[in-house]
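Undergrad: The file below is coords-v1.pdb, PDB, C-alpha atoms, pLDDT in the B column:
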```pdb
ATOM      1  CA  MET A   1     164.901 -20.204  10.238  1.00 69.00           C
ATOM      2  CA  LYS A   2     161.803 -19.404  12.317  1.00 78.00           C
ATOM      3  CA  ILE A   3     159.682 -19.087   9.190  1.00 81.00           C
ATOM      4  CA  LEU A   4     160.830 -22.456   7.863  1.00 80.00           C
ATOM      5  CA  SER A   5     160.121 -24.096  11.226  1.00 79.00           C
ATOM      6  CA  THR A   6     156.652 -22.543  11.338  1.00 78.00           C
ATOM      7  CA  ILE A   7     155.828 -23.723   7.817  1.00 75.00           C
ATOM      8  CA  ILE A   8     156.989 -27.250   8.598  1.00 76.00           C
ATOM      9  CA  ILE A   9     154.901 -27.368  11.786  1.00 75.00           C
ATOM     10  CA  VAL A  10     151.792 -26.084   9.981  1.00 72.00           C
ATOM     11  CA  LEU A  11     152.171 -28.560   7.111  1.00 66.00           C
ATOM     12  CA  PHE A  12     152.866 -31.451   9.462  1.00 65.00           C
ATOM     13  CA  SER A  13     149.847 -30.712  11.652  1.00 65.00           C
ATOM     14  CA  THR A  14     147.605 -30.316   8.606  1.00 63.00           C
ATOM     15  CA  LEU A  15     148.688 -33.655   7.199  1.00 58.00           C
ATOM     16  CA  CYS A  16     148.268 -35.392  10.545  1.00 58.00           C
ATOM     17  CA  PHE A  17     144.751 -34.158  11.254  1.00 56.00           C
ATOM     18  CA  SER A  18     143.146 -33.854   7.827  1.00 50.00           C
ATOM     19  CA  GLN A  19     141.054 -36.872   6.942  1.00 53.00           C
ATOM     20  CA  ASP A  20     139.079 -38.091   3.990  1.00 54.00           C
ATOM     21  CA  LEU A  21     135.784 -39.545   5.050  1.00 57.00           C
ATOM     22  CA  GLU A  22     135.610 -43.097   3.727  1.00 60.00           C
ATOM     23  CA  LEU A  23     131.859 -42.715   3.515  1.00 58.00           C
ATOM     24  CA  GLU A  24     132.104 -40.276   0.592  1.00 58.00           C
ATOM     25  CA  LYS A  25     134.506 -42.456  -1.436  1.00 64.00           C
ATOM     26  CA  ASN A  26     131.892 -45.153  -2.021  1.00 66.00           C
ATOM     27  CA  SER A  27     129.646 -44.340  -4.990  1.00 66.00           C
ATOM     28  CA  ASN A  28     126.860 -46.609  -3.654  1.00 75.00           C
ATOM     29  CA  TRP A  29     126.044 -44.115  -0.912  1.00 75.00           C
ATOM     30  CA  LYS A  30     124.080 -42.062  -3.457  1.00 80.00           C
ATOM     31  CA  LYS A  31     121.234 -44.532  -2.887  1.00 85.00           C
ATOM     32  CA  TYR A  32     120.903 -43.666   0.806  1.00 86.00           C
ATOM     33  CA  LYS A  33     119.627 -40.680   2.779  1.00 90.00           C
ATOM     34  CA  LYS A  34     120.895 -41.835   6.192  1.00 91.00           C
ATOM     35  CA  VAL A  35     123.683 -44.132   7.405  1.00 88.00           C
ATOM     36  CA  ILE A  36     124.113 -45.152  11.047  1.00 89.00           C
ATOM     37  CA  GLU A  37     127.452 -46.235  12.492  1.00 89.00           C
ATOM     38  CA  THR A  38     127.245 -47.859  15.936  1.00 90.00           C
ATOM     39  CA  ASN A  39     130.119 -48.231  18.401  1.00 87.00           C
ATOM     40  CA  PHE A  40     129.259 -50.750  21.099  1.00 87.00           C
ATOM     41  CA  GLU A  41     132.484 -50.213  23.063  1.00 85.00           C
ATOM     42  CA  ASN A  42     131.519 -46.760  24.320  1.00 86.00           C
ATOM     43  CA  ASN A  43     127.753 -47.014  23.669  1.00 89.00           C
ATOM     44  CA  SER A  44     127.718 -44.329  20.992  1.00 91.00           C
ATOM     45  CA  LYS A  45     126.088 -43.926  17.620  1.00 93.00           C
ATOM     46  CA  THR A  46     126.842 -41.643  14.684  1.00 92.00           C
ATOM     47  CA  GLU A  47     124.162 -40.791  12.121  1.00 93.00           C
ATOM     48  CA  PHE A  48     125.271 -39.464   8.736  1.00 91.00           C
ATOM     49  CA  PHE A  49     122.621 -37.644   6.704  1.00 92.00           C
ATOM     50  CA  LEU A  50     123.399 -37.791   2.992  1.00 88.00           C
ATOM     51  CA  GLU A  51     122.348 -35.918  -0.116  1.00 87.00           C
ATOM     52  CA  ASP A  52     123.569 -37.268  -3.479  1.00 82.00           C
ATOM     53  CA  GLY A  53     126.155 -39.398  -1.668  1.00 78.00           C
ATOM     54  CA  LYS A  54     127.692 -36.425   0.174  1.00 82.00           C
ATOM     55  CA  ILE A  55     127.429 -35.790   3.892  1.00 84.00           C
ATOM     56  CA  LYS A  56     125.158 -32.869   4.781  1.00 90.00           C
ATOM     57  CA  ASN A  57     125.187 -33.271   8.560  1.00 93.00           C
ATOM     58  CA  ILE A  58     126.274 -35.644  11.291  1.00 93.00           C
ATOM     59  CA  LYS A  59     124.584 -36.331  14.613  1.00 95.00           C
ATOM     60  CA  ILE A  60     126.568 -37.985  17.378  1.00 94.00           C
ATOM     61  CA  PHE A  61     124.758 -39.774  20.204  1.00 95.00           C
ATOM     62  CA  THR A  62     126.211 -41.101  23.450  1.00 92.00           C
ATOM     63  CA  ASN A  63     123.987 -43.252  25.656  1.00 91.00           C
ATOM     64  CA  ASN A  64     121.074 -42.369  23.330  1.00 89.00           C
ATOM     65  CA  LEU A  65     121.497 -38.639  24.042  1.00 93.00           C
ATOM     66  CA  LEU A  66     122.371 -36.230  21.253  1.00 93.00           C
ATOM     67  CA  THR A  67     125.783 -34.797  22.119  1.00 92.00           C
ATOM     68  CA  LYS A  68     126.846 -33.062  18.922  1.00 92.00           C
ATOM     69  CA  THR A  69     125.491 -31.993  15.530  1.00 93.00           C
ATOM     70  CA  ILE A  70     127.856 -31.057  12.717  1.00 91.00           C
ATOM     71  CA  PHE A  71     126.683 -29.321   9.528  1.00 91.00           C
ATOM     72  CA  PHE A  72     128.622 -29.277   6.252  1.00 85.00           C
ATOM     73  CA  ASN A  73     128.230 -26.510   3.681  1.00 80.00           C
ATOM     74  CA  GLU A  74     129.572 -26.875   0.154  1.00 70.00           C
ATOM     75  CA  ASN A  75     130.682 -23.822  -1.744  1.00 56.00           C
TER      76      ASN A  75
END
```
Written as structure tokens, that's how I'd like the structure from this file.
TA:
Amino acid sequence: MKILSTIIIVLFSTLCFSQDLELEKNSNWKKYKKVIETNFENNSKTEFFLEDGKIKNIKIFTNNLLTKTIFFNEN
């Protein structure tokens, strides 16, 4: 019973937190090298750096200060 409960919890949490990035679903993004998404509510900006329509890295700015950089590696 413990194993079944553990498997259900792992599957549920994976489904809840895994996300497809809408940015990669659009084939027109192959034309661009950089896309900027601005959020005026909390004064933040997200810059997506693209290569062949796929995200290579993301830079997140808050109040015009770089707060986080995320790199993606494809195998």
Undergrad: Here is a test: counting only C-alpha atoms, which residue of A:Lys2, A:Asn73, A:Val35, A:Leu66 is nearest to Gly53 of chain A?
TA: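 So, comparing all the options, the nearest one is A:Val35.
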Undergrad: Could you work out how far atom CA of Ile60 of chain A lies from atom CA of Glu47 of chain A, giving the answer in Å with one decimal?
TA: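 Distance reported for this atom pair: 6.4 Å.
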Undergrad: Measuring atom to atom with all atoms listed in the file, identify which of A:Asn64, A:Asn42, A:Ile7, A:Lys54 is nearest to Lys30 of chain A.
TA: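 Looking at the shortest contact to Lys30 of chain A, the residue is A:Lys54.
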Undergrad: Restricting the calculation to only C-alpha atoms: of A:Val10, A:Lys33, A:Ser5, A:Thr69, which residue gets closest to Asp52 of chain A?
TA: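 Counting only C-alpha atoms, the residue closest to Asp52 of chain A is A:Lys33.
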Undergrad: How far is it from atom CA of Asn43 of chain A to atom CA of Trp29 of chain A, in Å with one decimal?
TA: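 A separation of 24.8 Å between them.
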Undergrad: Suppose a student applies the PyMOL selection byres ((chain A and resi 70) around 8) to this structure; what residues should they get, written as a ChimeraX atom specification?
TA: /A:57-59,68-69,71-72
Undergrad: Could you pull out every residue with an atom within 9 Å of (128.8, -46.2, 23.1), file coordinates, counting all atoms listed in the file, and send them as a VMD selection string?
TA: chain A and resid 38 to 45 61 to 64
Undergrad: Would you compute the distance between atom CA of Asn28 of chain A and atom CA of Glu51 of chain A? Give it in Å to one decimal.
TA: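 Answer for the atom CA of Asn28 of chain A to atom CA of Glu51 of chain A separation: 12.1 Å.
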Undergrad: Compare A:Leu4, A:Tyr32, A:Thr67, A:Ile9 by their minimum atom-to-atom distance to Ile55 of chain A, counting all atoms listed in the file, and give me the closest one.
TA: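 Of all the options, A:Tyr32 lies closest to Ile55 of chain A.
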Undergrad: How would segment 59-71 of chain A read, as a PDB file, keeping the file's coordinate frame, once N, CA, C and O atoms are built in?
TA:
```
ATOM      1  N   LYS A  59     125.063 -36.401  13.234  1.00 95.00           N
ATOM      2  CA  LYS A  59     124.584 -36.331  14.613  1.00 95.00           C
ATOM      3  C   LYS A  59     125.280 -37.432  15.405  1.00 95.00           C
ATOM      4  O   LYS A  59     125.289 -38.586  14.989  1.00 95.00           O
ATOM      5  N   ILE A  60     125.847 -37.043  16.530  1.00 94.00           N
ATOM      6  CA  ILE A  60     126.568 -37.985  17.378  1.00 94.00           C
ATOM      7  C   ILE A  60     125.792 -38.169  18.677  1.00 94.00           C
ATOM      8  O   ILE A  60     125.462 -37.189  19.354  1.00 94.00           O
ATOM      9  N   PHE A  61     125.504 -39.423  18.998  1.00 95.00           N
ATOM     10  CA  PHE A  61     124.758 -39.774  20.204  1.00 95.00           C
ATOM     11  C   PHE A  61     125.646 -40.581  21.137  1.00 95.00           C
ATOM     12  O   PHE A  61     126.406 -41.438  20.693  1.00 95.00           O
ATOM     13  N   THR A  62     125.560 -40.294  22.426  1.00 92.00           N
ATOM     14  CA  THR A  62     126.211 -41.101  23.450  1.00 92.00           C
ATOM     15  C   THR A  62     125.153 -41.461  24.475  1.00 92.00           C
ATOM     16  O   THR A  62     124.462 -40.585  24.993  1.00 92.00           O
ATOM     17  N   ASN A  63     125.029 -42.747  24.745  1.00 91.00           N
ATOM     18  CA  ASN A  63     123.987 -43.252  25.656  1.00 91.00           C
ATOM     19  C   ASN A  63     122.607 -42.759  25.223  1.00 91.00           C
ATOM     20  O   ASN A  63     121.798 -42.324  26.040  1.00 91.00           O
ATOM     21  N   ASN A  64     122.346 -42.780  23.940  1.00 89.00           N
ATOM     22  CA  ASN A  64     121.074 -42.369  23.330  1.00 89.00           C
ATOM     23  C   ASN A  64     120.726 -40.906  23.545  1.00 89.00           C
ATOM     24  O   ASN A  64     119.580 -40.507  23.394  1.00 89.00           O
ATOM     25  N   LEU A  65     121.703 -40.081  23.911  1.00 93.00           N
ATOM     26  CA  LEU A  65     121.497 -38.639  24.042  1.00 93.00           C
ATOM     27  C   LEU A  65     122.313 -37.935  22.966  1.00 93.00           C
ATOM     28  O   LEU A  65     123.488 -38.238  22.776  1.00 93.00           O
ATOM     29  N   LEU A  66     121.676 -36.996  22.285  1.00 93.00           N
ATOM     30  CA  LEU A  66     122.371 -36.230  21.253  1.00 93.00           C
ATOM     31  C   LEU A  66     123.433 -35.362  21.910  1.00 93.00           C
ATOM     32  O   LEU A  66     123.131 -34.529  22.761  1.00 93.00           O
ATOM     33  N   THR A  67     124.692 -35.566  21.517  1.00 92.00           N
ATOM     34  CA  THR A  67     125.783 -34.797  22.119  1.00 92.00           C
ATOM     35  C   THR A  67     126.361 -33.757  21.168  1.00 92.00           C
ATOM     36  O   THR A  67     126.883 -32.747  21.630  1.00 92.00           O
ATOM     37  N   LYS A  68     126.264 -34.011  19.856  1.00 92.00           N
ATOM     38  CA  LYS A  68     126.846 -33.062  18.922  1.00 92.00           C
ATOM     39  C   LYS A  68     126.170 -33.182  17.560  1.00 92.00           C
ATOM     40  O   LYS A  68     125.818 -34.272  17.139  1.00 92.00           O
ATOM     41  N   THR A  69     125.983 -32.037  16.899  1.00 93.00           N
ATOM     42  CA  THR A  69     125.491 -31.993  15.530  1.00 93.00           C
ATOM     43  C   THR A  69     126.472 -31.168  14.710  1.00 93.00           C
ATOM     44  O   THR A  69     126.846 -30.074  15.112  1.00 93.00           O
ATOM     45  N   ILE A  70     126.894 -31.725  13.588  1.00 91.00           N
ATOM     46  CA  ILE A  70     127.856 -31.057  12.717  1.00 91.00           C
ATOM     47  C   ILE A  70     127.203 -30.859  11.359  1.00 91.00           C
ATOM     48  O   ILE A  70     126.668 -31.800  10.781  1.00 91.00           O
ATOM     49  N   PHE A  71     127.239 -29.634  10.841  1.00 91.00           N
ATOM     50  CA  PHE A  71     126.683 -29.321   9.528  1.00 91.00           C
ATOM     51  C   PHE A  71     127.810 -29.044   8.545  1.00 91.00           C
ATOM     52  O   PHE A  71     128.810 -28.416   8.896  1.00 91.00           O
TER      53      PHE A  71
END
```
